[in-house]
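Everything below belongs to work_27.csv, which stores CSV, C-alpha atoms.
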```
chain,number,residue,atom,x,y,z
A,284,MET,CA,-18.4,-46.5,21.6
A,285,THR,CA,-18.6,-45.7,17.9
A,286,GLU,CA,-20.8,-47.8,15.6
A,287,LEU,CA,-17.9,-49.1,13.6
A,288,LYS,CA,-15.9,-50.1,16.6
A,289,ALA,CA,-19.0,-51.9,18.1
A,290,LYS,CA,-19.4,-53.7,14.8
A,291,LEU,CA,-15.8,-54.9,14.9
A,292,ARG,CA,-16.2,-56.2,18.4
A,293,ALA,CA,-19.4,-58.0,17.5
A,294,ASP,CA,-17.9,-59.5,14.4
A,295,LEU,CA,-14.9,-60.6,16.5
A,296,THR,CA,-17.2,-62.5,18.9
A,297,ALA,CA,-18.9,-64.1,15.9
A,298,ALA,CA,-15.6,-65.1,14.3
A,299,MET,CA,-14.4,-66.6,17.6
A,300,LYS,CA,-17.6,-68.6,18.0
A,301,GLY,CA,-17.3,-69.8,14.4
A,302,LYS,CA,-13.7,-70.7,14.9
A,303,ASP,CA,-12.6,-68.6,11.9
A,304,ALA,CA,-8.9,-68.2,12.8
A,305,LEU,CA,-8.0,-65.7,10.0
A,306,ARG,CA,-11.0,-63.4,10.7
A,307,THR,CA,-10.4,-63.6,14.4
A,308,SER,CA,-6.7,-62.6,14.2
A,309,THR,CA,-7.4,-59.9,11.7
A,310,LEU,CA,-10.2,-58.3,13.8
A,311,ARG,CA,-8.0,-58.5,16.9
A,312,MET,CA,-5.3,-56.8,15.0
A,313,LEU,CA,-7.7,-54.1,13.9
A,314,LEU,CA,-9.1,-53.5,17.3
A,315,ALA,CA,-5.6,-53.3,18.7
A,316,ALA,CA,-4.7,-50.7,16.0
A,317,VAL,CA,-7.8,-48.6,16.9
A,318,GLN,CA,-6.9,-48.8,20.6
A,319,ASN,CA,-3.3,-47.8,19.9
A,320,ALA,CA,-4.6,-44.8,18.0
A,321,GLU,CA,-6.9,-43.9,20.9
A,322,VAL,CA,-4.1,-43.8,23.5
A,323,ALA,CA,-1.6,-42.1,21.2
A,324,GLY,CA,-0.8,-38.5,21.8
A,325,PRO,CA,-0.8,-36.5,25.0
A,326,GLN,CA,-4.3,-37.7,26.1
A,327,ALA,CA,-6.4,-40.8,25.6
A,328,ARG,CA,-9.6,-40.2,23.7
A,329,GLU,CA,-12.3,-42.2,21.9
A,330,LEU,CA,-12.0,-42.1,18.1
A,331,GLY,CA,-15.0,-41.2,15.9
A,332,ASP,CA,-16.1,-43.4,13.0
A,333,ALA,CA,-14.2,-41.2,10.5
A,334,GLU,CA,-11.0,-41.7,12.5
A,335,VAL,CA,-11.6,-45.4,12.9
A,336,ILE,CA,-12.0,-45.6,9.1
A,337,ALA,CA,-8.7,-43.8,8.7
A,338,VAL,CA,-7.0,-46.4,11.0
A,339,LEU,CA,-8.5,-49.2,9.0
A,340,SER,CA,-7.4,-47.6,5.7
A,341,LYS,CA,-3.9,-47.4,7.0
A,342,GLU,CA,-3.9,-51.1,8.1
A,343,ALA,CA,-5.3,-52.1,4.6
A,344,LYS,CA,-2.5,-50.2,2.9
A,345,LYS,CA,0.1,-51.9,5.1
A,346,ARG,CA,-1.3,-55.3,4.1
A,347,ASN,CA,-1.2,-54.3,0.4
A,348,GLU,CA,2.4,-53.2,0.7
A,349,ALA,CA,3.4,-56.3,2.6
A,350,ALA,CA,1.8,-58.5,0.0
A,351,LEU,CA,3.7,-56.7,-2.8
A,352,VAL,CA,7.0,-57.3,-1.0
A,353,TYR,CA,6.2,-60.9,-0.4
A,354,GLU,CA,5.3,-61.4,-4.0
A,355,GLN,CA,8.5,-59.8,-5.1
A,356,ALA,CA,10.4,-62.1,-2.8
A,357,GLY,CA,8.7,-65.2,-4.2
A,358,ARG,CA,6.7,-65.9,-1.0
A,359,GLY,CA,3.3,-66.5,-2.5
A,360,GLU,CA,1.8,-68.1,0.6
A,361,LEU,CA,2.6,-65.1,2.8
A,362,ALA,CA,1.3,-62.7,0.1
A,363,ALA,CA,-2.0,-64.7,-0.1
A,364,ASN,CA,-2.4,-64.3,3.7
A,365,GLU,CA,-1.8,-60.6,3.5
A,366,ARG,CA,-4.3,-60.3,0.7
A,367,ALA,CA,-6.9,-62.3,2.7
A,368,GLU,CA,-6.4,-59.9,5.6
A,369,GLU,CA,-6.7,-56.9,3.3
A,370,GLU,CA,-10.1,-58.3,2.0
A,371,ILE,CA,-11.4,-58.7,5.5
A,372,ILE,CA,-10.4,-55.1,6.3
A,373,ALA,CA,-12.0,-53.8,3.1
A,374,GLU,CA,-15.4,-55.1,4.3
A,375,TYR,CA,-15.4,-52.4,7.0
A,376,LEU,CA,-14.2,-49.6,4.7
A,377,PRO,CA,-16.5,-47.4,2.6
A,378,THR,CA,-16.6,-48.2,-1.1
A,379,PRO,CA,-13.7,-46.5,-2.8
A,380,LEU,CA,-14.2,-43.8,-5.3
A,381,THR,CA,-13.9,-44.6,-9.0
A,382,GLU,CA,-11.4,-42.7,-11.2
A,383,ALA,CA,-14.2,-40.5,-12.6
A,384,GLU,CA,-15.3,-39.6,-9.1
A,385,VAL,CA,-11.8,-38.8,-8.1
A,386,ALA,CA,-11.5,-36.6,-11.2
A,387,ASN,CA,-14.7,-34.8,-10.3
A,388,LEU,CA,-13.5,-34.4,-6.7
A,389,ALA,CA,-10.3,-32.8,-8.0
A,390,ASP,CA,-12.2,-30.4,-10.2
A,391,THR,CA,-14.5,-29.4,-7.3
A,392,ALA,CA,-11.5,-28.8,-5.0
A,393,ILE,CA,-9.8,-26.7,-7.6
A,394,ALA,CA,-13.0,-24.6,-8.0
A,395,GLU,CA,-13.3,-24.1,-4.2
A,396,VAL,CA,-9.7,-22.9,-4.0
A,397,ALA,CA,-10.2,-20.7,-7.0
A,398,GLU,CA,-13.1,-19.1,-5.3
A,399,GLU,CA,-11.0,-18.5,-2.2
A,400,ILE,CA,-8.0,-16.9,-3.9
A,401,GLY,CA,-9.9,-15.2,-6.7
A,402,GLU,CA,-8.0,-17.0,-9.6
A,403,ARG,CA,-7.4,-20.4,-10.9
A,404,PRO,CA,-4.8,-22.2,-8.7
A,405,GLY,CA,-1.5,-23.3,-10.1
A,406,MET,CA,1.1,-25.8,-8.9
A,407,LYS,CA,2.1,-23.3,-6.2
A,408,GLN,CA,-1.3,-23.8,-4.6
A,409,ILE,CA,-1.3,-27.6,-4.8
A,410,GLY,CA,-1.2,-27.9,-1.0
A,411,GLN,CA,-4.4,-25.9,-0.6
A,412,VAL,CA,-6.1,-27.9,-3.4
A,413,MET,CA,-5.0,-31.2,-1.8
A,414,LYS,CA,-6.3,-30.2,1.6
A,415,VAL,CA,-9.8,-29.5,0.2
A,416,ALA,CA,-9.7,-32.6,-2.0
A,417,THR,CA,-8.7,-34.9,0.9
A,418,ARG,CA,-11.5,-33.4,3.0
A,419,LEU,CA,-14.0,-34.1,0.2
A,420,ALA,CA,-12.7,-37.6,-0.4
A,421,ASP,CA,-13.5,-38.4,3.3
A,422,GLY,CA,-11.2,-41.5,3.3
A,423,ARG,CA,-12.8,-43.1,0.2
A,424,ALA,CA,-9.7,-42.5,-2.0
A,425,ASP,CA,-6.0,-43.0,-1.5
A,426,GLY,CA,-3.9,-39.8,-1.3
A,427,SER,CA,-1.8,-40.8,-4.2
A,428,ARG,CA,-4.9,-41.2,-6.5
A,429,ILE,CA,-6.1,-37.8,-5.4
A,430,SER,CA,-2.7,-36.2,-5.9
A,431,ALA,CA,-2.4,-37.6,-9.4
A,432,ALA,CA,-5.8,-36.3,-10.4
A,433,VAL,CA,-5.1,-32.9,-8.9
A,434,LYS,CA,-1.7,-32.6,-10.6
A,435,ALA,CA,-3.2,-33.6,-14.0
A,436,ARG,CA,-5.7,-30.8,-13.7
A,437,LEU,CA,-3.3,-28.0,-12.5
```

How would this structure read if it were set down as structure tokens?
Amino acid sequence: MTELKAKLRADLTAAMKGKDALRTSTLRMLLAAVQNAEVAGPQARELGDAEVIAVLSKEAKKRNEAALVYEQAGRGELAANERAEEEIIAEYLPTPLTEAEVANLADTAIAEVAEEIGERPGMKQIGQVMKVATRLADGRADGSRISAAVKARL
């Protein structure tokens, strides 16, 4: 079992003992999402920490989007619940990159692709640059933030 998954299980047990309903339900939902990701595809397998982080990031993004929809619909109490779940999920995610770090990451990715193809990449090579930048970000930055930084530099 991966370290992060073990931490989620241990924290779930602690939340259940502490009778923290919100944390308990959120951690159960996270463990279910991880388990669903493990059995998805042609063959069941155990996810590594990086893959578990990707699942948690996806769940945090879902909570953020749901909170925005609830706020637009005037359902503040539901939005607050989604935000609270998002905060709990954020405790298990690595610290996100700052805008300056994302900009440096984009510059590094552009330099790597330029080395590979022998010239400075343009908008036609954005896919290659994004692939490198996403790998370098290692789940610590949203794809839209990376994309915006790469597009601004190309």

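Excluding range 285-300 of chain A itself and same-chain residues fewer than 6 positions from it, the residues having an atom within 9 Å of it are Arg306, Thr307, Ser308, Thr309, Leu310, Arg311, Leu313, Leu314, Val317, Glu329, Leu330, Gly331, Asp332, Val335, Ile336 and Tyr375 of chain A, counting all atoms listed in the file.
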
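Distance-wise, CA of Ala394 in chain A and CA of Val433 in chain A end up 11.5 Å apart.
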
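In terms of minimum interatomic distance to Pro379 in chain A, A:Ala420 ranks closest within A:Ala343, A:Met406, A:Ala337, A:Ala420, counting only C-alpha atoms.
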
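Shortest atom-to-atom contact with Glu342 in chain A among A:Ile393, A:Ile372, A:Ala362, A:Leu388: A:Ile372, counting all atoms listed in the file.
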
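The gap separating CA of Glu334 in chain A from CA of Val396 in chain A is 25.0 Å, in Å to one decimal.
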
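Shell of Ala435 in chain A at 12 Å, with all atoms listed in the file counted and residues fewer than 5 places along the chain excluded, is Val385, Ala386, Ala389, Asp390, Ile393, Gly405, Met406, Ile409, Arg428, Ile429 and Ser430 of chain A.
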
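Here CA of Ala323 in chain A and CA of Asn347 in chain A stand 24.1 Å from one another.
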
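Counting only C-alpha atoms, Ala397 in chain A has the following residues at most 12 Å away, ignoring those fewer than 4 positions along the same chain: Asp390, Thr391, Ala392, Ile393, Gly401, Glu402, Arg403, Pro404, Gly405, Gln408, Ile409, Gln411, Val412, Val415 and Leu437 of chain A.
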
So which residues are close to (-5.5, -63.9, 7.8), meaning at most 10 Å away in the file's coordinates with all atoms listed in the file counted, and can you show them as a PyMOL selection string? chain A and resi 303-310+361+363-371
